[in-house]
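Participant: To start, I am sharing the structure in question, which I have written as structure tokens.
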Amino acid sequence: MSTYDQASSSSPPPGVSGMALYVPAPRVSLDQWCEWTGSPADKIQAVVGRSFRMCSPTENVYTMAASAALRLIDAYDVDPRSVGMLALGTESSTDNAAGAVIVKGMLDRALQAQGRPPLSRACEVPEIKHACLGGMYGLKGALRYAACDAGDRVALVIAADVAEYARGSTGEQTQGAGAVAMLVERDPKLFAVDLQRSGSAAAYRGADFRKPMARHFMTEYDAGTRRLHDFPVFNGKYSTLCYLDEVIAALELMLERSGEDAEGFYADVAAVLLHRPYHHLPIQAMAHALVWSMGRSPAQAARFDALCREAGVDPAVARAQIEAPVSLFDEIEQRGPGADPFVEAQAVAKHYARSSEYRRFVAEHMSLGTERVKTLGNLYTGSLPAWLAAAFADAHEGKMSLTGRRMLAVGYGSGDAAEAWPLHVCDGWEQAAARIGWDRALDGAVDLDRATYEALHDGIELPRALPAPWGFSIADVGRRFAPQWQDVGIEVYRFAG
């Protein structure tokens with residue numbers, strides 16, 4: 001078992017010292033949703049999860065981000081004057097000019113209302129967008145800030161999103177909303193991030209998963225809802241293929257930079273955590289990643305060939321598909337929407353995913369925090385940070401021995417790009433994990449009946465009132481558009497505490 005000795009390292013990497021979660025109160029049980037829609041409950045539970053959250057009518061991505069950040073400041077006794085960066089990763093912006101500075105404004109007013117100093121004026125406020133990878137990119141920028149010019153200042157990174165899909169679409173059950181805030185320091189208390197050995201990958205995928213503004217003005221796009229919405233344009237099977245391909249590319253570069261073989265690395269890590277739009281996809285992805293590693297390793301050639309024969313696949317064909325450089329976008333353009341250049345190799349991966357060996361791998365390396373995040377739904381850019389927070393909450397509750405152990409975090413954003421990072425659990429991580437406050441963050445859930453869910457989703461009058469959100473909410477929206485003053489569409493926020 002490999003460990004990282006933080007004390008003896010001449011230059012330990014920066015990392016995360018704290019995490020806090022905010023999810024809105026409205027909750028949809030997927031058991032109930034299956035009854036409403038006639039969907040198979042057993043399959044939905046196994047593939048997707050147990051429930052998802054929705055924003056109340058007075059919440060958006062900025063209110064959730066500010067609420068998560070305030071919880072972080074309170075839980076970890078952060079001096080607001082020490083914050084030199086406030087980064088927001090999201091694909092749910094409602095303003096194409098301002099972003100993280102909106103969150104800063106809310107926090108400043110709330111802190112001052114409590115008699116505390118606001119965040120430092122000398123504070124960077126970037127907003128980062130790349131589908132579900134925006135939070136990881138924001139964290140990466142903050143880690144570089146901490147390593148280069150932060151001095152004794154800290155960074156707050158918030159991964160926040162609203163995942164919403166049209167009713168009746170294949171994505172409806174994978175909705176969700178929430179925010180995860182992270183405290184980044186040069187001397188981390190929870191986990192360090194080894195960017196020197198990380199892997200990055202990106203490739204343009206065309207109509208993978210997109211949100212083009214033009215769709216709102218095209219007759220072909222019928223949203224079926226009256227409220228401001230952000231339903232994506234997506235292609236499920238193709239999008240899954242893009243996820244698998246890009247995650248594998250990032251993992252292979254990470255292994256190349258670390259100089260380790262895949263089998264040894266994956267056996268050593270305490271936890272493997274990936275972007276999770278729904279429960280089953282990370283499990284599916286890691287089965288593919290392990291099979292791809294076998295297919296490319298001369299040392300595992302015999303094992304790969306035997307696995308192929310068990311799956312009824314010619315090893316030479318599967319190996320050729322794994323080794324050949326492929327552009328999925330080119331394949332789709334040339335062969336049509338159903339093109340899949342990995343048919344035989346995927347058949348081997350699916351066979352391996354059903355094996356007792358892989359089930360043990362999942363139980364040993366991918367179960368930490370899993371039951372907790374099944375209740376959240378899809379948080380888009382917050383999905384991986386939420387799983388990280390859940391894993392540490394689980395580990396702390398179970399009194400696990402993680403000090404010095406490695407973990408693997410793999411982020412993904414459609415379009416697409418991926419990041420694979422080795423993490424090192426810090427000495428004394430238990431104290432930082434104890435402050436995450438997972439259970440408190442999920443308190444106060446309001447289970448929706450069908451009529452309330454559909455009304456909230458579609459933006460019509462609710463059949464019953466919902467409780468006011470904790471923390472921040474939208475108080476008003478400007479409507480002035482005159483030469484003297486313009487504020488049309490600009491939200492006014494309030495802090496309720």
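If you're wondering about the labels, chains in the structure tokens are A, B, ... by order shown, residues count from 1 in each chain, ligands from 1 in order shown.
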From a backbone DSSP assignment, name each residue in range 319-405 of chain A labelled helix (DSSP H, G or I), as a ChimeraX atom specification.

Facilitator: /A:319-323,328-335,343-353,356-365,370-373,380-397

Participant: So that I can see what lies close to range 133-141 of chain A, please list as an MDAnalysis selection string the residues with an atom at most 10 Å from it, counting only C-alpha atoms and leaving out residues fewer than 2 positions away in the same chain.

Facilitator: chainID A and resid 15:16 85:91 126:131 143:147 155:161 179:184 193 195 275 380:385 409:414 416:421

Participant: Between A:Met294, A:Ala395, A:Ala270, A:Leu72, which has the minimum distance to Ile436 in chain A (counting only C-alpha atoms)?

Facilitator: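 Closest to Ile436 in chain A of all the choices is A:Leu72.
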
Participant: Let me make sure I understand: among A:Ser17, A:Ser327, A:Gln486, A:Ser258, which one has the smallest atom-to-atom distance to Asp77 in chain A if we use only C-alpha atoms?

Facilitator: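 Nearest candidate to Asp77 in chain A out of A:Ser17, A:Ser327, A:Gln486, A:Ser258: A:Ser17.
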
Participant: Tell me, as a ChimeraX atom specification, which residues lie within 8 Å of range 364-377 of chain A, counting only C-alpha atoms; anything in the same chain fewer than 3 positions away does not count.

Facilitator: /A:23,48-53,174-177,269-273,277-279,283,360-361,386-395

Participant: Go ahead and save the picked residues with N, CA and C atoms, as an mmCIF file, in the first residue's frame.

Facilitator:
```
data_model
loop_
_atom_site.group_PDB
_atom_site.id
_atom_site.type_symbol
_atom_site.label_atom_id
_atom_site.label_comp_id
_atom_site.auth_asym_id
_atom_site.auth_seq_id
_atom_site.Cartn_x
_atom_site.Cartn_y
_atom_site.Cartn_z
ATOM 1 N N VAL A 23 -28.167 21.781 -0.644
ATOM 2 C CA VAL A 23 -29.161 21.306 -1.602
ATOM 3 C C VAL A 23 -30.498 21.927 -1.243
ATOM 4 N N VAL A 48 -29.922 4.697 -11.509
ATOM 5 C CA VAL A 48 -29.915 6.141 -11.275
ATOM 6 C C VAL A 48 -29.665 6.501 -9.806
ATOM 7 N N GLY A 49 -30.505 6.031 -8.899
ATOM 8 C CA GLY A 49 -30.394 6.401 -7.493
ATOM 9 C C GLY A 49 -31.744 6.369 -6.820
ATOM 10 N N ARG A 50 -31.913 7.160 -5.745
ATOM 11 C CA ARG A 50 -33.139 7.095 -4.958
ATOM 12 C C ARG A 50 -33.999 8.357 -5.031
ATOM 13 N N SER A 51 -33.385 9.515 -5.260
ATOM 14 C CA SER A 51 -34.160 10.754 -5.291
ATOM 15 C C SER A 51 -33.344 11.855 -5.939
ATOM 16 N N PHE A 52 -34.003 12.990 -6.198
ATOM 17 C CA PHE A 52 -33.271 14.176 -6.655
ATOM 18 C C PHE A 52 -33.914 15.419 -6.060
ATOM 19 N N ARG A 53 -33.149 16.501 -6.009
ATOM 20 C CA ARG A 53 -33.608 17.778 -5.466
ATOM 21 C C ARG A 53 -33.928 18.751 -6.597
ATOM 22 N N THR A 174 -32.782 11.938 -14.127
ATOM 23 C CA THR A 174 -31.418 12.310 -13.724
ATOM 24 C C THR A 174 -31.307 13.807 -13.451
ATOM 25 N N GLN A 175 -32.361 14.396 -12.903
ATOM 26 C CA GLN A 175 -32.319 15.808 -12.542
ATOM 27 C C GLN A 175 -31.668 15.985 -11.168
ATOM 28 N N GLY A 176 -31.472 17.224 -10.777
ATOM 29 C CA GLY A 176 -30.887 17.512 -9.471
ATOM 30 C C GLY A 176 -30.494 18.971 -9.368
ATOM 31 N N ALA A 177 -30.173 19.393 -8.155
ATOM 32 C CA ALA A 177 -29.733 20.770 -7.920
ATOM 33 C C ALA A 177 -28.959 20.819 -6.616
ATOM 34 N N VAL A 269 -5.213 2.407 -4.522
ATOM 35 C CA VAL A 269 -5.961 3.568 -4.051
ATOM 36 C C VAL A 269 -7.084 3.155 -3.112
ATOM 37 N N ALA A 270 -7.346 4.018 -2.132
ATOM 38 C CA ALA A 270 -8.396 3.732 -1.151
ATOM 39 C C ALA A 270 -9.783 3.937 -1.735
ATOM 40 N N ALA A 271 -9.914 4.844 -2.684
ATOM 41 C CA ALA A 271 -11.223 5.120 -3.272
ATOM 42 C C ALA A 271 -11.046 5.642 -4.688
ATOM 43 N N VAL A 272 -11.969 5.244 -5.555
ATOM 44 C CA VAL A 272 -12.021 5.717 -6.939
ATOM 45 C C VAL A 272 -13.354 6.441 -7.111
ATOM 46 N N LEU A 273 -13.298 7.741 -7.387
ATOM 47 C CA LEU A 273 -14.491 8.577 -7.471
ATOM 48 C C LEU A 273 -14.514 9.285 -8.823
ATOM 49 N N PRO A 277 -23.288 11.515 -13.219
ATOM 50 C CA PRO A 277 -24.604 12.047 -13.569
ATOM 51 C C PRO A 277 -25.725 11.121 -13.102
ATOM 52 N N TYR A 278 -25.398 9.842 -12.976
ATOM 53 C CA TYR A 278 -26.291 8.870 -12.345
ATOM 54 C C TYR A 278 -25.423 7.743 -11.802
ATOM 55 N N HIS A 279 -25.985 6.926 -10.930
ATOM 56 C CA HIS A 279 -25.200 5.991 -10.129
ATOM 57 C C HIS A 279 -24.354 5.022 -10.961
ATOM 58 N N ILE A 283 -19.434 3.299 -12.530
ATOM 59 C CA ILE A 283 -19.131 1.866 -12.442
ATOM 60 C C ILE A 283 -18.877 1.307 -13.838
ATOM 61 N N ARG A 360 -15.942 -7.147 -6.763
ATOM 62 C CA ARG A 360 -15.088 -6.920 -5.597
ATOM 63 C C ARG A 360 -14.389 -5.577 -5.693
ATOM 64 N N PHE A 361 -13.917 -5.235 -6.892
ATOM 65 C CA PHE A 361 -13.261 -3.941 -7.087
ATOM 66 C C PHE A 361 -14.195 -2.800 -6.721
ATOM 67 N N ALA A 386 -19.442 16.473 -4.598
ATOM 68 C CA ALA A 386 -20.396 15.937 -3.628
ATOM 69 C C ALA A 386 -20.020 14.515 -3.234
ATOM 70 N N TRP A 387 -19.587 13.709 -4.205
ATOM 71 C CA TRP A 387 -19.176 12.341 -3.882
ATOM 72 C C TRP A 387 -17.923 12.362 -2.999
ATOM 73 N N LEU A 388 -17.007 13.265 -3.265
ATOM 74 C CA LEU A 388 -15.832 13.399 -2.406
ATOM 75 C C LEU A 388 -16.235 13.734 -0.969
ATOM 76 N N ALA A 389 -17.142 14.698 -0.808
ATOM 77 C CA ALA A 389 -17.601 15.062 0.531
ATOM 78 C C ALA A 389 -18.287 13.886 1.204
ATOM 79 N N ALA A 390 -19.104 13.147 0.449
ATOM 80 C CA ALA A 390 -19.796 11.986 1.001
ATOM 81 C C ALA A 390 -18.811 10.896 1.408
ATOM 82 N N ALA A 391 -17.768 10.699 0.598
ATOM 83 C CA ALA A 391 -16.767 9.677 0.906
ATOM 84 C C ALA A 391 -16.047 10.001 2.216
ATOM 85 N N PHE A 392 -15.674 11.260 2.397
ATOM 86 C CA PHE A 392 -14.998 11.630 3.641
ATOM 87 C C PHE A 392 -15.950 11.580 4.833
ATOM 88 N N ALA A 393 -17.217 11.916 4.613
ATOM 89 C CA ALA A 393 -18.192 11.798 5.692
ATOM 90 C C ALA A 393 -18.352 10.334 6.100
ATOM 91 N N ASP A 394 -18.421 9.447 5.118
ATOM 92 C CA ASP A 394 -18.495 8.011 5.392
ATOM 93 C C ASP A 394 -17.259 7.525 6.143
ATOM 94 N N ALA A 395 -16.088 7.921 5.641
ATOM 95 C CA ALA A 395 -14.830 7.468 6.237
ATOM 96 C C ALA A 395 -14.713 7.936 7.683
#
```

Participant: So which residues touch Tyr165 in chain A within 8 Å, counting only C-alpha atoms, skipping near sequence neighbours fewer than 3 positions away, as a PyMOL selection string?

Facilitator: chain A and resi 169+171-172+174-175+230-232

Participant: Counting only C-alpha atoms, which of A:Leu290, A:Thr240, A:Asn96, A:Leu107 gets nearest to Arg303 in chain A?

Facilitator: A:Leu290
